[in-house]
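One structure is given here, and the rest of the page talks about it.
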Amino acid sequence: MKITQCLPVVLLTAILAACNGPAGELVGVRKPGNFKEANPYGMVFIKKGSFMMGENAQSAVFNQPDNIGMRTVNAFWMDETEVTNNEYKQFVNWVRDSIAYTLLIRADMQEYALVPRNGEFDEENFTINWKKKVPWDSDDEEVQEALSPLRYSDGMLKTIKLHYNYSYDNLDQAVKYENKFDVAKGMYPEGALARVDTFWIDEEGYIRDSTIERPLKEPKDLRTNKIISVYPDTMVWIRDFQYAYNDPMQRGYFAFPGYSEYPVVGVTWEQAHAFCHWRTHFLETHITAPVHIYRLPTEAEWEYAARGGRKMAMYPWGGNYARDAKGCFLANFKPYRGAYSDDTGVMTMRVAQFQPNDFGLFDMAGNVAEWTSSAFNPAANTYVSDINPDFQYMARKDDPDVLKRKIVKGGSWKDISAYMQCGARTYEYQYESRTYIGFRCVRSFIGD
C-alpha cells in the first residue's frame, strides 16, 4: 500500500525534472543560474558597508559644522586611480576619428561605413567601419578636402571642433509628482511638461544651447541631446596661477607622452559626465551582457571608498596625520608653508606613487581633487537618506550659478592636508576646469 502511494510522486518528480519546470506554473523567463559579473578592467571592487559620513574635525573650509551620521552604501566598482591623460586621450581620439569617418562617409566614401543588410545606404543613419584606418596622411585631394573641417591650414588638429554628441534621461523631470505616469489611463497627465536643455551647432560651427519646456507625452520627451567639446582646457595652467611661469605645463601636460600616466586636469564636470557616457557606450559595443553605466561617484560613495572600510578614518591610510612614523609624507599635497617638493612632487605626479588604502585605491588624498556627481548644498547631510545618500541636481542652462555647484573631494597637490581628509568637502562650478581637479569613474555592482 505504501509503495503504491509513492509511485505517482516518483513519476511526477521524474516528469518535472525532464520538462525542466512544471507546466502552467510561474517559473520566470530565465533559467536560474549563478551569474557573476566580470571584473571591470582597472577597477576595484568596493564591498557594501556602513560608515560615519562627515568631517572628523572642524571644517577647514566652512564655519557651519558638518552633520556626522551613519550611512550605508551598496557595492560598486571604482577606478583604482584617477583617469589619466592617456586614458582620456582614448576618448578624445575616438571623438576625433568618429568625426573624421563621418566627414569621409558624407563625402561619398562609403567604404568607411558598414554595408547595411538591405544594401541601401543612408548617409544620416550609418554604422562606422572602425576596422578601416582614417587616411590622415593620404595624398588624395578629395580625402584631404573631406577632412579639412578638422584641420587648420598648417595641418594642425582643430581641437575646438572635437564635439561629443550624446543623450541622457532627465529623471528629475520623470519623478515630479505632476509628471507621474497614470497607469490606469496608460498616459502621462494632461499638461505634463518636461524642462530640458536642447543643443545644436550654429551656422558658424559653435555649440549653442537653451532651456525649453516640452509636452511630456512619452519617455523620449524626457531626453536631453547634449553636445560638448571634449578637449581639456590647457590654458588652466596659466589662468589658475597668474604671475607664475607655467607655460611648459600648458604646452605639454596633455600633449607630451611623458605625462601619459599623470591625472587628466583641465576637465569640467560636464566633460567628465560626457566621458562616463562614452565609456559606457564604448563597452556596450564590445560586449553583449547588460552592465550598469559608468558614472561619477556620489559624495557618499567617494567618501566611503576613501575611508577604505574604516568607519572613522580621517585620512585614506587610516591615521590622523599626513606623515608616517618615519616622517615620510603619505600623499602629494602642500606641506608646511609651501615646501611642495618635500613630498617628492611639485605639481601633479604620476598616479599610484603612494601606497593604496585598504580597498586598493590610489591617490584618494592629494595629487588632484576629484569631481563627484553630487550637487553642493551645505545642509544636504541633514536630510539625505541614510541608505545610498545623495543630493543630485542636473542644472539647466538658465539656472543660476548657485545650482551649478558640484562637490569636489580629496584635496590636491596645491592644498594643505586639511583638504585631504576623507570627510572634507569643497565645491566647484560644473562649467569650470582647474589644474587641480580630475576625476575617476564608478559602476554599480550587479547584485547585492
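Residue numbering restarts at 1 in every chain; chains get A, B, ... in the order shown in the C-alpha cells, and ligands count up from 1 in that same order.
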Could you name the residues that touch segment 39-55 of chain A at 9 Å or less, counting only C-alpha atoms, but leaving out those on the same chain fewer than 6 positions away, as a PyMOL selection string? chain A and resi 65-81+300+303-305+307-314+359-361+381+387+421-425+441-443+445+448
Within 12 Å of Ala395 of chain A, counting only C-alpha atoms, which residues qualify if same-chain residues fewer than 5 places away don't, as a ChimeraX atom specification? /A:170,172-173,195-197,210-211,269-270,373-376,400-406,429-431
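The coordinates place atom CA of Val175 of chain A at 24.7 Å from atom CA of Ile227 of chain A.
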Need the shell around segment 130-143 of chain A: protein/DNA/RNA residues with any atom at most 9 Å away, counting only C-alpha atoms. Skip same-chain ones fewer than 4 positions apart. Format as a short mmCIF file (atom, residue, chain, number, x, y, z; two decimals) with C-alpha atoms, in the first residue's frame?
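Ended up saving to around-v1.cif:
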data_model
loop_
_atom_site.label_atom_id
_atom_site.label_comp_id
_atom_site.auth_asym_id
_atom_site.auth_seq_id
_atom_site.Cartn_x
_atom_site.Cartn_y
_atom_site.Cartn_z
CA ASP A 97 38.10 59.65 -35.52
CA SER A 98 34.32 59.34 -35.41
CA ALA A 100 36.62 62.09 -39.46
CA TYR A 101 34.78 58.93 -40.52
CA LEU A 104 34.52 60.89 -45.27
CA ALA A 107 31.79 62.87 -48.99
CA MET A 109 33.38 57.47 -49.46
CA GLU A 111 33.85 52.24 -47.80
CA TYR A 112 34.26 53.77 -44.33
CA ALA A 113 30.77 52.58 -43.40
CA LEU A 114 29.47 49.05 -42.92
CA LEU A 147 38.90 66.12 -43.63
CA SER A 148 39.61 69.86 -43.90
#
Distance atom CA of Phe439 of chain A-atom CA of Glu87 of chain A, one decimal place? 11.7 Å
In terms of only C-alpha atoms, the residue from A:Glu124, A:Glu204, A:Glu145, A:Asp247 at minimal distance from Lys161 of chain A is A:Glu204
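In this model, the gap between atom CA of Glu299 of chain A and atom CA of Thr372 of chain A comes to 5.8 Å.
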So that I can check the secondary structure, give me every residue of segment 85-327 of chain A assigned strand (DSSP E or B) by backbone DSSP, as a PyMOL selection string. chain A and resi 113+128+151+157+163-169+182+187+193-201+207-215+223-229+263+294-295+323
Polymer residues at most 10 Å from Met235 of chain A, only C-alpha atoms, same-chain spacing of 3 or more positions, as a list in words: Pro232, Ile238, Arg239, Asp240, Asn246, Asp247, Met249, Gln250, Arg251, Gly266, Ser433, Arg434 and Thr435 of chain A
Would you save the residues from that selection as a short mmCIF file (atom, residue, chain, number, x, y, z; two decimals), in the first residue's frame, using N, CA, C and O atoms?
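Output below, filename part27.cif:
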data_model
loop_
_atom_site.label_atom_id
_atom_site.label_comp_id
_atom_site.auth_asym_id
_atom_site.auth_seq_id
_atom_site.Cartn_x
_atom_site.Cartn_y
_atom_site.Cartn_z
N PRO A 232 40.60 68.91 -23.22
CA PRO A 232 40.86 69.63 -21.96
C PRO A 232 41.31 71.06 -22.22
O PRO A 232 41.95 71.36 -23.23
N ILE A 238 47.94 78.46 -16.89
CA ILE A 238 48.30 79.88 -16.81
C ILE A 238 47.20 80.67 -16.11
O ILE A 238 47.47 81.57 -15.31
N ARG A 239 45.96 80.32 -16.37
CA ARG A 239 44.83 81.06 -15.80
C ARG A 239 44.73 80.88 -14.29
O ARG A 239 44.41 81.84 -13.56
N ASP A 240 44.97 79.67 -13.79
CA ASP A 240 44.83 79.42 -12.36
C ASP A 240 45.93 80.08 -11.53
O ASP A 240 45.72 80.38 -10.35
N ASN A 246 54.17 78.90 -15.86
CA ASN A 246 53.69 77.54 -16.05
C ASN A 246 53.46 77.22 -17.53
O ASN A 246 52.75 76.27 -17.87
N ASP A 247 54.07 78.02 -18.41
CA ASP A 247 53.90 77.81 -19.84
C ASP A 247 54.30 76.40 -20.29
O ASP A 247 53.61 75.82 -21.15
N MET A 249 53.91 73.60 -18.75
CA MET A 249 52.81 72.71 -18.41
C MET A 249 51.63 72.93 -19.35
O MET A 249 50.97 71.99 -19.78
N GLN A 250 51.39 74.19 -19.68
CA GLN A 250 50.30 74.50 -20.61
C GLN A 250 50.56 73.84 -21.97
O GLN A 250 49.65 73.30 -22.60
N ARG A 251 51.79 73.86 -22.40
CA ARG A 251 52.14 73.34 -23.73
C ARG A 251 52.20 71.82 -23.77
O ARG A 251 51.80 71.22 -24.77
N GLY A 266 42.08 70.09 -16.17
CA GLY A 266 41.52 70.99 -17.16
C GLY A 266 40.23 70.47 -17.74
O GLY A 266 39.82 70.87 -18.84
N SER A 433 37.01 74.48 -15.17
CA SER A 433 38.08 73.49 -15.21
C SER A 433 39.28 74.04 -14.45
O SER A 433 39.51 75.25 -14.44
N ARG A 434 40.02 73.14 -13.79
CA ARG A 434 41.13 73.56 -12.95
C ARG A 434 42.34 72.66 -13.14
O ARG A 434 42.22 71.51 -13.58
N THR A 435 43.51 73.17 -12.77
CA THR A 435 44.74 72.38 -12.84
C THR A 435 44.80 71.35 -11.72
O THR A 435 45.67 70.48 -11.73
#
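The residue set within 10 Å of Thr84 of chain A, counting only C-alpha atoms and dropping same-chain residues fewer than 3 places from it, reads Thr81, Glu87, Tyr88, Lys89, Phe254, Tyr259, Ser260, Glu261, Tyr262, Pro263, Val264, Val265, Arg350, Val351, Gly438, Phe439 and Arg440 of chain A.
Distances here use only C-alpha atoms; by that measure, the residue among A:Asp169, A:Glu218, A:Glu284, A:Asp154 closest to Ala192 of chain A is A:Glu218.
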Got a sec to tell me which of segment 267-343 of chain A DSSP assigns to alpha helix (DSSP H), as a PyMOL selection string? chain A and resi 269-284+299-307
